[in-house]
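Asker: Supplied in structure tokens, the structure appears directly below.
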Amino acid sequence: MSQRPETTAHLQYRVPAVRHLAWMCHTPQLISSPTGFIPEKHLPEDAEQRLQAWDNNPGTGPAALTEQPARRLGQYFERLYQCFMEDLLGWQILLKNQPVRHNGITLGELDFLVVNPANDTVEHHEIAVKFYLGHRGAGQETPLWFGPNSKDRLDIKTRRLIDHQSRMTQRPETRELLASLGIEVPVRPRVFMPGYLFYPLAETLLAPADVPPDHLRGNWLYIEDLDGMTNSTERWVPLTKPHWLGPWRQRQAPDARQTEQALEVVRSAGIPRLFARLERSQIDGYWQETSRVFVVPGSWPASSSQNRS
């Protein structure tokens with residue numbers, strides 16, 4: 001199983017939401033674009049000290065780091081991004097999740113309109129966190145990259161993010177809306193889409209040409225192939241949302257029963273599941289993620305089963 005090119009610096013944080021926020025600050029993207037937003041370029045000098053303080057004393061940190069995570073991963077990710085903008089960067093958020101409509105029909109939604117204090121200009125940020133598995137079907141030269149729910153696809157999402165979502169402020173309906181709210185039109189769009197690409201364990205695939213080479217990686221395999229691999233799931237743990245935002249760590253040793261229960265979901269319900277392989281740290285004794293893998297049913301990607309973890 002290949003190792004993901006990801007720093008272990010985020011593993012120091014014990015509070016999961018703080019660890020997720022730190023990951024957000026430094027993780028590479030799955031998208032190459034002149035409008036790409038790189039969070040770590042805007043971090044204040046004391047960012048790590050503040051994250052450590054919130055980790056040491058959770059009650060003193062932003063509410064987003066202690067309240068119950070949103071059920072949907074996308075909503076949780078947006079909540080962390082708002083915390084990043086307001087509490088780490090100190091940027092003003094003018095609008096969040098603002099729908100744009102025309103004659104009662106929703107044309108799209110603005111994720112974030114923020115003020116960049118470096119030049120007091122308004123920016124439009126569109127964000128997403130994504131997980132895609134590479135698959136080359138029979139007769140295909142170029143692989144396609146599907147989400148665990150195969151209705152989602154990397155090329156389609158990238159095209160929509162760049163060509164539609166990030167251009168919403170160019171529409172006259174959006175400009176009219178912003179004028180009615182007393183907000184000037186943003187001077188630039190920004191896109192931010194981190195995540196992971198999972199490569200098939202049994203086949204060598206090249207990375208998509210338009211994805212940055214430093215992207216985070218994992219592997220995937222079919223449940224039938226896993227069943228024939230002796231001791232292959234040793235030290236695995238199933239990852240549930242929002243802990244898809246890596247990396248995972250835990251005090252207790254991996255529980256083989258939990259892993260088998262999660263694998264049974266793949267077998268019986270046809271739902272892909274994400275797992276992390278752990279190794280014990282020699283520094284603090286915690287079990288820490290070293291790699292991750294998706295296990296999918298034999299029908300994937302033809303199946304459109306929702307991932308319910």
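Ordering of the structure tokens sets the chain letters (A, B, ...), residue numbers begin anew at 1 in every chain, and ligands are numbered from 1 in the order given.
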Got a sec: who's within 12 Å of A:Ala209, counting only C-alpha atoms, leaving out chain neighbours fewer than 3 positions off, as a list in words?

Answerer: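 Counting only C-alpha atoms, the residues come to Leu30, Ile31, Ser32, Thr142, Pro143, Leu144, Leu154, Asp155, Leu205, Leu206, Pro212, Pro213 and His215 of chain A.
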
Asker: Those residues you just picked out, can you put them in a file as a CSV table (one decimal), in the first residue's frame with all heavy atoms?

Answerer:
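Contents of out-v4.csv, freshly written:
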```
chain,number,residue,atom,x,y,z
A,30,LEU,N,-6.5,19.5,-5.2
A,30,LEU,CA,-6.7,18.6,-6.3
A,30,LEU,C,-7.0,19.3,-7.6
A,30,LEU,O,-7.4,18.7,-8.5
A,30,LEU,CB,-7.9,17.6,-6.0
A,30,LEU,CG,-7.8,16.7,-4.8
A,30,LEU,CD1,-9.0,15.9,-4.7
A,30,LEU,CD2,-6.5,15.8,-4.9
A,31,ILE,N,-6.7,20.6,-7.6
A,31,ILE,CA,-7.1,21.4,-8.7
A,31,ILE,C,-6.0,22.4,-9.0
A,31,ILE,O,-5.4,23.0,-8.1
A,31,ILE,CB,-8.4,22.1,-8.4
A,31,ILE,CG1,-9.0,22.8,-9.7
A,31,ILE,CG2,-8.3,23.2,-7.3
A,31,ILE,CD1,-10.4,23.2,-9.5
A,32,SER,N,-5.6,22.5,-10.3
A,32,SER,CA,-4.7,23.5,-10.7
A,32,SER,C,-5.4,24.7,-11.4
A,32,SER,O,-6.1,24.4,-12.4
A,32,SER,CB,-3.6,22.9,-11.7
A,32,SER,OG,-2.9,22.0,-11.0
A,142,THR,N,-7.7,6.4,-21.0
A,142,THR,CA,-7.6,7.4,-19.9
A,142,THR,C,-8.5,7.0,-18.8
A,142,THR,O,-9.7,6.9,-19.0
A,142,THR,CB,-7.9,8.8,-20.4
A,142,THR,OG1,-7.1,9.1,-21.5
A,142,THR,CG2,-7.7,9.8,-19.3
A,143,PRO,N,-8.0,6.9,-17.6
A,143,PRO,CA,-8.9,6.6,-16.4
A,143,PRO,C,-9.8,7.7,-16.1
A,143,PRO,O,-9.5,8.9,-16.3
A,143,PRO,CB,-7.9,6.3,-15.3
A,143,PRO,CG,-6.7,7.0,-15.6
A,143,PRO,CD,-6.6,7.0,-17.1
A,144,LEU,N,-10.9,7.4,-15.4
A,144,LEU,CA,-11.8,8.4,-14.9
A,144,LEU,C,-11.7,8.3,-13.3
A,144,LEU,O,-11.4,7.2,-12.8
A,144,LEU,CB,-13.3,8.2,-15.3
A,144,LEU,CG,-13.6,8.4,-16.8
A,144,LEU,CD1,-15.0,7.9,-17.1
A,144,LEU,CD2,-13.3,9.8,-17.2
A,154,LEU,N,-14.3,13.6,-10.8
A,154,LEU,CA,-13.3,14.7,-10.7
A,154,LEU,C,-13.4,15.7,-11.8
A,154,LEU,O,-13.4,16.9,-11.6
A,154,LEU,CB,-11.9,14.1,-10.6
A,154,LEU,CG,-10.7,15.1,-10.6
A,154,LEU,CD1,-10.8,16.1,-9.4
A,154,LEU,CD2,-9.4,14.3,-10.6
A,155,ASP,N,-13.4,15.2,-13.1
A,155,ASP,CA,-13.3,16.1,-14.2
A,155,ASP,C,-14.6,17.0,-14.3
A,155,ASP,O,-14.5,18.2,-14.6
A,155,ASP,CB,-13.1,15.4,-15.5
A,155,ASP,CG,-14.2,14.3,-15.7
A,155,ASP,OD1,-14.7,13.7,-14.8
A,155,ASP,OD2,-14.6,14.1,-16.9
A,205,LEU,N,-1.8,3.5,-12.3
A,205,LEU,CA,-2.4,4.6,-13.1
A,205,LEU,C,-1.6,5.9,-12.9
A,205,LEU,O,-1.0,6.1,-11.8
A,205,LEU,CB,-3.8,4.9,-12.5
A,205,LEU,CG,-4.9,3.9,-12.7
A,205,LEU,CD1,-6.3,4.4,-12.3
A,205,LEU,CD2,-5.0,3.4,-14.2
A,206,LEU,N,-1.5,6.6,-14.0
A,206,LEU,CA,-0.9,7.9,-13.9
A,206,LEU,C,-1.8,8.9,-13.3
A,206,LEU,O,-3.0,8.8,-13.4
A,206,LEU,CB,-0.5,8.4,-15.3
A,206,LEU,CG,0.6,7.6,-16.0
A,206,LEU,CD1,0.8,8.2,-17.4
A,206,LEU,CD2,1.9,7.6,-15.3
A,212,PRO,N,-2.2,18.9,-9.2
A,212,PRO,CA,-0.9,19.1,-8.7
A,212,PRO,C,-0.2,17.9,-8.3
A,212,PRO,O,-0.8,17.0,-7.7
A,212,PRO,CB,-1.1,20.1,-7.6
A,212,PRO,CG,-2.4,20.8,-7.9
A,212,PRO,CD,-3.2,19.7,-8.6
A,213,PRO,N,1.1,17.7,-8.6
A,213,PRO,CA,1.8,16.5,-8.3
A,213,PRO,C,1.9,16.2,-6.8
A,213,PRO,O,2.2,15.0,-6.4
A,213,PRO,CB,3.2,16.7,-8.9
A,213,PRO,CG,3.3,18.2,-9.1
A,213,PRO,CD,2.0,18.7,-9.3
A,215,HIS,N,-0.4,16.2,-4.6
A,215,HIS,CA,-1.7,15.8,-4.0
A,215,HIS,C,-1.6,14.6,-3.1
A,215,HIS,O,-0.7,13.8,-3.2
A,215,HIS,CB,-2.7,15.6,-5.1
A,215,HIS,CG,-2.4,14.4,-5.9
A,215,HIS,ND1,-1.6,14.4,-7.1
A,215,HIS,CD2,-2.8,13.1,-5.9
A,215,HIS,CE1,-1.5,13.2,-7.6
A,215,HIS,NE2,-2.2,12.4,-6.9
```

Asker: Pick out the residues sitting within 9 Å of stretch 43-52 of chain A, and hand them over as a list in words; count only C-alpha atoms, and ignore anything fewer than 2 positions along from it in its own chain.

Answerer: Gln12, Tyr13, Val18, Arg19, Leu21, Ala22, Cys25, Pro39, Glu40, Lys41, Trp54, Asp55, Asn56, Asn57, Gly61, Leu88 and Leu89 of chain A

Asker: List the neighbours of A:Met193 out to 9 Å using only C-alpha atoms; skip same-chain residues closer than 5 positions along the sequence, and give me the result as a list of chain:residue names.

Answerer: A:Pro28, A:Gln29, A:Leu30, A:Ile31, A:Gly36, A:Phe37, A:Glu126, A:Ile127, A:Ala128, A:Val129, A:Lys130, A:Thr158

Asker: Hey, which of A:Val266, A:Ile183, A:Leu197, A:Ile223 ends up closest to A:Arg292? Count only C-alpha atoms.

Answerer: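 Of A:Val266, A:Ile183, A:Leu197, A:Ile223, the one nearest A:Arg292, counting only C-alpha atoms, is A:Leu197.
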
Asker: Enter the distance from atom CA of A:Glu184 to atom CA of A:Thr121, in Å, rounded to one decimal.

Answerer: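 So the two atoms, atom CA of A:Glu184 and atom CA of A:Thr121, lie 9.0 Å apart.
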
Asker: Quick one: distance from atom CA of A:Ile93 to atom CA of A:Ser180 in Å, one decimal?

Answerer: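 One can read the atom CA of A:Ile93 to atom CA of A:Ser180 distance as 17.1 Å.
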
Asker: Could you give me the residues within stretch 64-138 of chain A that DSSP places in helix (DSSP H, G or I), as a CSV table (one decimal) with all heavy atoms, in the first residue's frame?

Answerer:
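Result file follows (out.csv):
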```csv
chain,number,residue,atom,x,y,z
A,64,ALA,N,-16.7,26.5,16.6
A,64,ALA,CA,-16.7,25.6,15.5
A,64,ALA,C,-15.8,24.4,15.8
A,64,ALA,O,-16.0,23.3,15.2
A,64,ALA,CB,-16.2,26.2,14.2
A,65,LEU,N,-14.9,24.5,16.8
A,65,LEU,CA,-13.9,23.4,17.1
A,65,LEU,C,-14.4,22.5,18.2
A,65,LEU,O,-13.8,21.5,18.5
A,65,LEU,CB,-12.6,24.0,17.5
A,65,LEU,CG,-11.9,24.9,16.4
A,65,LEU,CD1,-10.6,25.4,16.9
A,65,LEU,CD2,-11.8,24.2,15.1
A,73,LEU,N,-20.3,16.1,5.4
A,73,LEU,CA,-18.9,16.5,5.4
A,73,LEU,C,-18.7,17.9,4.8
A,73,LEU,O,-17.9,18.7,5.3
A,73,LEU,CB,-18.0,15.4,4.7
A,73,LEU,CG,-16.5,15.7,4.7
A,73,LEU,CD1,-16.0,15.6,6.1
A,73,LEU,CD2,-15.8,14.6,3.9
A,74,GLY,N,-19.4,18.2,3.7
A,74,GLY,CA,-19.3,19.5,3.1
A,74,GLY,C,-19.6,20.6,4.0
A,74,GLY,O,-19.0,21.7,4.0
A,75,GLN,N,-20.7,20.4,4.8
A,75,GLN,CA,-21.1,21.5,5.8
A,75,GLN,C,-20.0,21.6,6.9
A,75,GLN,O,-19.7,22.8,7.3
A,75,GLN,CB,-22.4,21.1,6.4
A,75,GLN,CG,-23.6,21.1,5.4
A,75,GLN,CD,-24.9,20.7,5.9
A,75,GLN,OE1,-24.9,20.0,7.0
A,75,GLN,NE2,-26.0,21.0,5.3
A,76,TYR,N,-19.5,20.5,7.3
A,76,TYR,CA,-18.4,20.6,8.3
A,76,TYR,C,-17.2,21.3,7.8
A,76,TYR,O,-16.6,22.1,8.5
A,76,TYR,CB,-18.1,19.2,8.8
A,76,TYR,CG,-16.9,19.1,9.7
A,76,TYR,CD1,-17.1,19.4,11.1
A,76,TYR,CD2,-15.7,18.6,9.4
A,76,TYR,CE1,-16.1,19.3,12.0
A,76,TYR,CE2,-14.7,18.5,10.3
A,76,TYR,CZ,-14.9,18.8,11.6
A,76,TYR,OH,-13.8,18.7,12.5
A,77,PHE,N,-16.9,21.0,6.6
A,77,PHE,CA,-15.7,21.7,5.9
A,77,PHE,C,-15.9,23.2,5.8
A,77,PHE,O,-15.0,24.0,6.0
A,77,PHE,CB,-15.5,21.0,4.5
A,77,PHE,CG,-14.2,21.5,3.9
A,77,PHE,CD1,-13.0,21.1,4.4
A,77,PHE,CD2,-14.3,22.2,2.7
A,77,PHE,CE1,-11.8,21.5,3.7
A,77,PHE,CE2,-13.1,22.6,2.1
A,77,PHE,CZ,-11.9,22.3,2.6
A,78,GLU,N,-17.1,23.6,5.4
A,78,GLU,CA,-17.5,25.0,5.3
A,78,GLU,C,-17.4,25.7,6.7
A,78,GLU,O,-16.9,26.8,6.8
A,78,GLU,CB,-18.9,25.2,4.8
A,78,GLU,CG,-19.0,24.9,3.3
A,78,GLU,CD,-20.4,25.1,2.8
A,78,GLU,OE1,-21.3,25.4,3.6
A,78,GLU,OE2,-20.6,25.1,1.6
A,79,ARG,N,-17.8,25.0,7.8
A,79,ARG,CA,-17.7,25.5,9.1
A,79,ARG,C,-16.2,25.7,9.5
A,79,ARG,O,-15.9,26.8,10.1
A,79,ARG,CB,-18.4,24.6,10.1
A,79,ARG,CG,-18.4,25.1,11.5
A,79,ARG,CD,-19.0,24.1,12.5
A,79,ARG,NE,-20.3,23.6,12.1
A,79,ARG,CZ,-20.9,22.6,12.8
A,79,ARG,NH1,-20.3,22.0,13.7
A,79,ARG,NH2,-22.2,22.3,12.4
A,80,LEU,N,-15.4,24.8,9.2
A,80,LEU,CA,-13.9,24.9,9.4
A,80,LEU,C,-13.4,26.1,8.6
A,80,LEU,O,-12.5,26.8,9.1
A,80,LEU,CB,-13.2,23.6,9.1
A,80,LEU,CG,-13.3,22.5,10.1
A,80,LEU,CD1,-12.5,21.3,9.6
A,80,LEU,CD2,-13.0,22.8,11.5
A,81,TYR,N,-13.8,26.2,7.4
A,81,TYR,CA,-13.3,27.3,6.5
A,81,TYR,C,-13.7,28.7,7.1
A,81,TYR,O,-12.9,29.6,7.1
A,81,TYR,CB,-13.8,27.2,5.1
A,81,TYR,CG,-13.0,27.9,4.1
A,81,TYR,CD1,-11.8,27.5,3.6
A,81,TYR,CD2,-13.5,29.1,3.6
A,81,TYR,CE1,-11.1,28.2,2.7
A,81,TYR,CE2,-12.8,29.8,2.6
A,81,TYR,CZ,-11.6,29.3,2.2
A,81,TYR,OH,-10.8,30.0,1.2
A,82,GLN,N,-14.9,28.8,7.6
A,82,GLN,CA,-15.3,30.0,8.3
A,82,GLN,C,-14.5,30.3,9.5
A,82,GLN,O,-14.0,31.4,9.7
A,82,GLN,CB,-16.8,29.9,8.7
A,82,GLN,CG,-17.3,31.2,9.3
A,82,GLN,CD,-18.8,31.1,9.6
A,82,GLN,OE1,-19.5,30.2,9.2
A,82,GLN,NE2,-19.3,32.1,10.4
A,83,CYS,N,-14.2,29.3,10.3
A,83,CYS,CA,-13.3,29.4,11.4
A,83,CYS,C,-11.9,29.9,11.0
A,83,CYS,O,-11.3,30.7,11.6
A,83,CYS,CB,-13.2,28.1,12.2
A,83,CYS,SG,-12.1,28.1,13.6
A,84,PHE,N,-11.4,29.2,9.9
A,84,PHE,CA,-10.1,29.6,9.4
A,84,PHE,C,-10.1,31.1,9.0
A,84,PHE,O,-9.1,31.8,9.3
A,84,PHE,CB,-9.8,28.7,8.2
A,84,PHE,CG,-8.7,29.2,7.3
A,84,PHE,CD1,-7.3,29.2,7.7
A,84,PHE,CD2,-8.9,29.8,6.0
A,84,PHE,CE1,-6.3,29.6,6.9
A,84,PHE,CE2,-7.9,30.3,5.2
A,84,PHE,CZ,-6.6,30.2,5.7
A,85,MET,N,-11.1,31.5,8.3
A,85,MET,CA,-11.2,32.9,7.8
A,85,MET,C,-11.3,33.9,9.0
A,85,MET,O,-10.5,34.9,9.0
A,85,MET,CB,-12.4,33.1,6.9
A,85,MET,CG,-12.1,32.6,5.4
A,85,MET,SD,-11.1,33.8,4.6
A,85,MET,CE,-10.5,32.7,3.2
A,86,GLU,N,-12.2,33.7,9.9
A,86,GLU,CA,-12.5,34.6,10.9
A,86,GLU,C,-11.5,34.6,12.1
A,86,GLU,O,-11.1,35.6,12.6
A,86,GLU,CB,-13.9,34.4,11.4
A,86,GLU,CG,-15.0,34.8,10.4
A,86,GLU,CD,-16.4,34.6,10.9
A,86,GLU,OE1,-16.6,33.7,11.7
A,86,GLU,OE2,-17.3,35.4,10.5
A,87,ASP,N,-11.2,33.3,12.5
A,87,ASP,CA,-10.5,33.2,13.8
A,87,ASP,C,-9.0,33.0,13.6
A,87,ASP,O,-8.3,33.4,14.5
A,87,ASP,CB,-11.1,32.0,14.6
A,87,ASP,CG,-12.5,32.1,14.9
A,87,ASP,OD1,-12.8,33.0,15.7
A,87,ASP,OD2,-13.4,31.4,14.4
A,88,LEU,N,-8.6,32.5,12.5
A,88,LEU,CA,-7.1,32.4,12.3
A,88,LEU,C,-6.6,33.6,11.4
A,88,LEU,O,-5.6,34.2,11.8
A,88,LEU,CB,-6.8,31.1,11.5
A,88,LEU,CG,-6.4,30.0,12.4
A,88,LEU,CD1,-5.9,28.8,11.5
A,88,LEU,CD2,-5.2,30.3,13.4
A,89,LEU,N,-7.3,34.0,10.4
A,89,LEU,CA,-6.9,35.1,9.5
A,89,LEU,C,-7.4,36.4,9.9
A,89,LEU,O,-6.8,37.4,9.7
A,89,LEU,CB,-7.3,34.8,8.0
A,89,LEU,CG,-6.7,33.5,7.4
A,89,LEU,CD1,-7.0,33.6,5.9
A,89,LEU,CD2,-5.3,33.4,7.6
```

Asker: Would you work out the distance separating atom CA of A:Gln170 from atom CA of A:Val122, expressed in Å to one decimal?

Answerer: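 Between atom CA of A:Gln170 and atom CA of A:Val122 the gap works out to 13.7 Å.
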
Asker: For A:Leu95, which residue out of A:Gly246, A:Leu181, A:Arg72, A:Ile271 is the nearest one, using only C-alpha atoms?

Answerer: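 Result for the nearest residue to A:Leu95: A:Leu181.
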
Asker: Considering only C-alpha atoms, return as a PyMOL selection string whatever protein or nucleic-acid residues lie within 6 Å of A:Tyr196, sequence-local ones (same chain, fewer than 4 positions apart) excluded.

Answerer: chain A and resi 131+216-217

Asker: Taking 5 positions as the minimum chain separation for residues in the same chain, which residues sit within 12 Å of A:Ala302 when counting only C-alpha atoms? Answer as a PyMOL selection string.

Answerer: chain A and resi 135+137+146-152+270+296-297

Asker: I want to know what sits within 8 Å of stretch 98-102 of chain A, based on only C-alpha atoms, with residues of the same chain fewer than 3 positions away left out; could you give that as a list in words?

Answerer: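 After dropping sequence-adjacent residues, the list is Leu95, Ile105, Thr106, Leu107, Gly108, Glu109, Leu110, Asp111, Phe112, Glu173, Thr174 and Leu177 of chain A.
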
Asker: Mind writing the picked residues with N, CA, C and O atoms as an mmCIF file, in the first residue's frame?

Answerer:
```cif
data_model
loop_
_atom_site.group_PDB
_atom_site.id
_atom_site.type_symbol
_atom_site.label_atom_id
_atom_site.label_comp_id
_atom_site.auth_asym_id
_atom_site.auth_seq_id
_atom_site.Cartn_x
_atom_site.Cartn_y
_atom_site.Cartn_z
ATOM 1 N N LEU A 95 -20.674 37.462 3.065
ATOM 2 C CA LEU A 95 -21.775 36.563 2.732
ATOM 3 C C LEU A 95 -21.279 35.129 2.823
ATOM 4 O O LEU A 95 -20.101 34.842 2.565
ATOM 5 N N ILE A 105 -35.925 30.907 -9.849
ATOM 6 C CA ILE A 105 -35.064 29.748 -10.136
ATOM 7 C C ILE A 105 -33.667 30.021 -9.581
ATOM 8 O O ILE A 105 -33.086 31.073 -9.835
ATOM 9 N N THR A 106 -33.125 29.067 -8.812
ATOM 10 C CA THR A 106 -31.791 29.229 -8.242
ATOM 11 C C THR A 106 -30.745 28.935 -9.308
ATOM 12 O O THR A 106 -30.704 27.836 -9.871
ATOM 13 N N LEU A 107 -29.910 29.928 -9.588
ATOM 14 C CA LEU A 107 -28.869 29.795 -10.596
ATOM 15 C C LEU A 107 -27.570 29.236 -10.016
ATOM 16 O O LEU A 107 -26.746 28.692 -10.742
ATOM 17 N N GLY A 108 -27.392 29.389 -8.730
ATOM 18 C CA GLY A 108 -26.174 28.948 -8.070
ATOM 19 C C GLY A 108 -26.101 29.541 -6.682
ATOM 20 O O GLY A 108 -27.062 30.164 -6.205
ATOM 21 N N GLU A 109 -24.963 29.369 -6.052
ATOM 22 C CA GLU A 109 -24.778 29.844 -4.683
ATOM 23 C C GLU A 109 -23.353 30.342 -4.509
ATOM 24 O O GLU A 109 -22.412 29.762 -5.049
ATOM 25 N N LEU A 110 -23.212 31.432 -3.766
ATOM 26 C CA LEU A 110 -21.894 31.967 -3.447
ATOM 27 C C LEU A 110 -21.458 31.365 -2.118
ATOM 28 O O LEU A 110 -22.093 31.590 -1.093
ATOM 29 N N ASP A 111 -20.352 30.612 -2.118
ATOM 30 C CA ASP A 111 -19.897 29.989 -0.874
ATOM 31 C C ASP A 111 -19.483 31.042 0.145
ATOM 32 O O ASP A 111 -20.010 31.097 1.250
ATOM 33 N N PHE A 112 -18.523 31.882 -0.221
ATOM 34 C CA PHE A 112 -18.032 32.918 0.684
ATOM 35 C C PHE A 112 -17.680 34.166 -0.106
ATOM 36 O O PHE A 112 -17.029 34.095 -1.156
ATOM 37 N N GLU A 173 -27.407 38.886 -12.500
ATOM 38 C CA GLU A 173 -28.276 38.631 -11.347
ATOM 39 C C GLU A 173 -27.489 38.746 -10.036
ATOM 40 O O GLU A 173 -27.996 39.258 -9.034
ATOM 41 N N THR A 174 -26.242 38.274 -10.051
ATOM 42 C CA THR A 174 -25.410 38.356 -8.859
ATOM 43 C C THR A 174 -25.021 39.799 -8.583
ATOM 44 O O THR A 174 -25.045 40.250 -7.427
ATOM 45 N N LEU A 177 -27.870 41.541 -7.028
ATOM 46 C CA LEU A 177 -28.029 41.121 -5.642
ATOM 47 C C LEU A 177 -27.023 41.825 -4.742
ATOM 48 O O LEU A 177 -27.382 42.350 -3.678
#
```
